[in-house]
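Asks: Below is a structure I'd like to ask you about.
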Amino acid sequence: MKNTASFRPGKQRKGFSLVEALIAMVVLAIALLALAGVVVSTTMLMGHTIDKEKAVDLAVEKLEVLEADYDEINDGSEEPDNSKFKLTWTVNDAVGTGGKEITLHVRWDGALGSREVTLERFVADPEPE
């Protein structure tokens, strides 16, 4: 009877078994999934950073517009055209300082959920009594 087994004592087998190849593929798949998760989270954080920068720019721009006419600084809100941002501001008279305190909130819904940026500014009366 012929011996059909390819393994003989004293000889080493070359190559990988099917189980070893499958284990290597599973390890590689796990590593690639982790790397893909890093790419997705980085993209989301980058989008959040861009939104936050835009919100701060809108807030600073609105504060400059409000400061331009001291007598017309009042509470209000607005939503810029074609924008996901909503600006609201409150104005309080700064007692004893002869000015006004503006608190401006910018809210938006982004990739990381609902977010808000708040800026505060004191505006001095250009014509004090």
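FYI, nothing fancy with the structure tokens labels: chains A, B, ... in order, residues from 1 per chain, ligands from 1 as they appear.
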List every residue of region 90-116 of chain A that has an atom at most 8 Å from any atom of region 57-77 of chain A, and for each one report the closest atom pair and its distance in Å to one decimal, counting only C-alpha atoms, with rows sorted by chain and then by increasing residue number, as a Markdown table.
Replies:
| residue | atom | partner | partner_atom | distance |
| --- | --- | --- | --- | --- |
| A:Thr90 | CA | A:Asp75 | CA | 4.5 |
| A:Val91 | CA | A:Asp75 | CA | 5.4 |
| A:Leu104 | CA | A:Ala59 | CA | 6.8 |
| A:His105 | CA | A:Ala59 | CA | 7.6 |
| A:Val106 | CA | A:Ala59 | CA | 6.7 |
Asks: Export, as a PDB file, in the first residue's frame, the selected residues with C-alpha atoms.
Replies:
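Output saved as again-v3.pdb:
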ATOM      1  CA  THR A  90     -28.783  90.251  24.288  1.00  0.00           C
ATOM      2  CA  VAL A  91     -27.837  93.773  25.297  1.00  0.00           C
ATOM      3  CA  LEU A 104     -23.872  86.969  21.325  1.00  0.00           C
ATOM      4  CA  HIS A 105     -24.636  83.262  20.870  1.00  0.00           C
ATOM      5  CA  VAL A 106     -24.169  81.344  17.625  1.00  0.00           C
TER       6      VAL A 106
END
Asks: Check chain A with DSSP on the backbone and list each residue it calls strand (DSSP E or B), as number ranges by chain.
Replies: A: 76-78, 86-94, 99-110, 113-124
Asks: Filtering to N, CA, C and O atoms, could you give me those residues as a tab-separated table (two decimals), in the first residue's frame?
Replies:
chain	number	residue	atom	x	y	z
A	76	GLY	N	-31.69	90.96	19.77
A	76	GLY	CA	-32.18	90.50	18.48
A	76	GLY	C	-31.67	89.13	18.12
A	76	GLY	O	-30.96	88.48	18.90
A	77	SER	N	-32.04	88.69	16.93
A	77	SER	CA	-31.57	87.41	16.41
A	77	SER	C	-31.66	87.44	14.90
A	77	SER	O	-32.39	88.25	14.32
A	78	GLU	N	-30.92	86.55	14.26
A	78	GLU	CA	-30.98	86.42	12.81
A	78	GLU	C	-30.40	85.08	12.38
A	78	GLU	O	-29.64	84.46	13.11
A	86	LYS	N	-27.54	80.11	13.66
A	86	LYS	CA	-28.53	81.06	14.18
A	86	LYS	C	-27.83	81.94	15.21
A	86	LYS	O	-27.22	81.42	16.16
A	87	LEU	N	-27.91	83.24	15.01
A	87	LEU	CA	-27.29	84.20	15.91
A	87	LEU	C	-28.36	84.83	16.78
A	87	LEU	O	-29.41	85.25	16.28
A	88	THR	N	-28.12	84.90	18.08
A	88	THR	CA	-28.99	85.63	19.00
A	88	THR	C	-28.10	86.46	19.92
A	88	THR	O	-27.02	86.02	20.31
A	89	TRP	N	-28.56	87.65	20.23
A	89	TRP	CA	-27.76	88.50	21.11
A	89	TRP	C	-28.67	89.25	22.08
A	89	TRP	O	-29.81	89.54	21.80
A	90	THR	N	-28.10	89.48	23.26
A	90	THR	CA	-28.78	90.25	24.29
A	90	THR	C	-27.89	91.43	24.65
A	90	THR	O	-26.66	91.33	24.63
A	91	VAL	N	-28.55	92.54	24.98
A	91	VAL	CA	-27.84	93.77	25.30
A	91	VAL	C	-28.28	94.23	26.68
A	91	VAL	O	-29.47	94.31	26.96
A	92	ASN	N	-27.31	94.52	27.53
A	92	ASN	CA	-27.58	95.04	28.87
A	92	ASN	C	-26.80	96.33	29.06
A	92	ASN	O	-25.64	96.43	28.64
A	93	ASP	N	-27.46	97.31	29.70
A	93	ASP	CA	-26.74	98.54	30.04
A	93	ASP	C	-25.76	98.23	31.15
A	93	ASP	O	-26.13	97.63	32.16
A	94	ALA	N	-24.52	98.62	30.95
A	94	ALA	CA	-23.49	98.42	31.97
A	94	ALA	C	-23.59	99.57	32.96
A	94	ALA	O	-23.15	100.68	32.66
A	99	GLY	N	-21.79	102.32	29.19
A	99	GLY	CA	-21.69	101.51	27.99
A	99	GLY	C	-22.72	100.41	27.98
A	99	GLY	O	-23.63	100.37	28.81
A	100	LYS	N	-22.56	99.50	27.04
A	100	LYS	CA	-23.48	98.37	26.92
A	100	LYS	C	-22.67	97.08	26.82
A	100	LYS	O	-21.59	97.05	26.23
A	101	GLU	N	-23.24	96.03	27.41
A	101	GLU	CA	-22.62	94.71	27.33
A	101	GLU	C	-23.44	93.87	26.35
A	101	GLU	O	-24.64	93.72	26.51
A	102	ILE	N	-22.76	93.33	25.34
A	102	ILE	CA	-23.42	92.49	24.34
A	102	ILE	C	-22.97	91.05	24.55
A	102	ILE	O	-21.77	90.78	24.64
A	103	THR	N	-23.94	90.14	24.64
A	103	THR	CA	-23.65	88.71	24.69
A	103	THR	C	-24.26	88.09	23.45
A	103	THR	O	-25.48	88.16	23.25
A	104	LEU	N	-23.42	87.51	22.60
A	104	LEU	CA	-23.87	86.97	21.33
A	104	LEU	C	-23.64	85.46	21.30
A	104	LEU	O	-22.55	85.00	21.60
A	105	HIS	N	-24.70	84.72	20.97
A	105	HIS	CA	-24.64	83.26	20.87
A	105	HIS	C	-24.81	82.86	19.41
A	105	HIS	O	-25.71	83.37	18.74
A	106	VAL	N	-24.00	81.94	18.95
A	106	VAL	CA	-24.17	81.34	17.62
A	106	VAL	C	-24.41	79.86	17.84
A	106	VAL	O	-23.59	79.17	18.46
A	107	ARG	N	-25.54	79.35	17.34
A	107	ARG	CA	-25.89	77.94	17.50
A	107	ARG	C	-26.00	77.28	16.13
A	107	ARG	O	-26.41	77.92	15.16
A	108	TRP	N	-25.64	76.00	16.09
A	108	TRP	CA	-25.78	75.23	14.86
A	108	TRP	C	-25.79	73.75	15.17
A	108	TRP	O	-25.38	73.33	16.24
A	109	ASP	N	-26.32	72.97	14.24
A	109	ASP	CA	-26.30	71.51	14.33
A	109	ASP	C	-25.23	71.01	13.37
A	109	ASP	O	-25.33	71.23	12.16
A	110	GLY	N	-24.22	70.35	13.93
A	110	GLY	CA	-23.13	69.86	13.11
A	110	GLY	C	-22.97	68.37	13.21
A	110	GLY	O	-23.85	67.66	13.72
A	113	GLY	N	-23.28	67.00	16.72
A	113	GLY	CA	-24.48	67.37	17.47
A	113	GLY	C	-24.67	68.87	17.51
A	113	GLY	O	-24.05	69.63	16.78
A	114	SER	N	-25.56	69.31	18.39
A	114	SER	CA	-25.86	70.73	18.53
A	114	SER	C	-24.71	71.43	19.26
A	114	SER	O	-24.28	70.97	20.31
A	115	ARG	N	-24.25	72.52	18.70
A	115	ARG	CA	-23.10	73.25	19.27
A	115	ARG	C	-23.43	74.73	19.41
A	115	ARG	O	-24.36	75.25	18.80
A	116	GLU	N	-22.62	75.42	20.22
A	116	GLU	CA	-22.82	76.84	20.47
A	116	GLU	C	-21.49	77.52	20.75
A	116	GLU	O	-20.61	76.95	21.39
A	117	VAL	N	-21.39	78.75	20.25
A	117	VAL	CA	-20.24	79.61	20.54
A	117	VAL	C	-20.81	80.89	21.13
A	117	VAL	O	-21.80	81.42	20.62
A	118	THR	N	-20.20	81.38	22.21
A	118	THR	CA	-20.66	82.60	22.86
A	118	THR	C	-19.53	83.62	22.92
A	118	THR	O	-18.42	83.29	23.34
A	119	LEU	N	-19.84	84.84	22.49
A	119	LEU	CA	-18.89	85.94	22.58
A	119	LEU	C	-19.53	87.06	23.38
A	119	LEU	O	-20.74	87.33	23.25
A	120	GLU	N	-18.73	87.73	24.19
A	120	GLU	CA	-19.21	88.86	24.97
A	120	GLU	C	-18.33	90.06	24.67
A	120	GLU	O	-17.11	89.92	24.51
A	121	ARG	N	-18.96	91.23	24.61
A	121	ARG	CA	-18.19	92.43	24.32
A	121	ARG	C	-18.81	93.61	25.04
A	121	ARG	O	-20.02	93.73	25.12
A	122	PHE	N	-17.95	94.49	25.53
A	122	PHE	CA	-18.38	95.74	26.13
A	122	PHE	C	-18.20	96.84	25.10
A	122	PHE	O	-17.13	96.95	24.48
A	123	VAL	N	-19.25	97.63	24.91
A	123	VAL	CA	-19.18	98.75	23.95
A	123	VAL	C	-19.36	100.03	24.75
A	123	VAL	O	-20.39	100.23	25.39
A	124	ALA	N	-18.37	100.89	24.68
A	124	ALA	CA	-18.43	102.15	25.40
A	124	ALA	C	-19.29	103.16	24.64
A	124	ALA	O	-19.35	103.14	23.41
Asks: Can you tell me, as an MDAnalysis selection string, what residues are no more than 10 Å from Gly47 (chain A) when counting only C-alpha atoms, ignoring any on the same chain fewer than 6 positions away?
Replies: chainID A and resid 41 53 110:112
Asks: What's the separation between CA of Leu45 (chain A) and CA of Phe85 (chain A), in Å to one decimal place?
Replies: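 Atom-to-atom, CA of Leu45 (chain A) to CA of Phe85 (chain A), that is 17.8 Å.
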Asks: What gap, in Å, lies between CA of Ala55 (chain A) and CA of Thr97 (chain A)?
Replies: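 So the two atoms, CA of Ala55 (chain A) and CA of Thr97 (chain A), lie 29.2 Å apart.
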Asks: List every residue of chain A that DSSP, applied to the backbone of this structure, assigns to helix (DSSP H, G or I), and report them as a ChimeraX atom specification.
Replies: /A:18-68,70-72
Asks: Quick one: distance from CA of Pro80 (chain A) to CA of Met44 (chain A) in Å, one decimal?
Replies: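 Computing it gives 23.4 Å between the two atoms.
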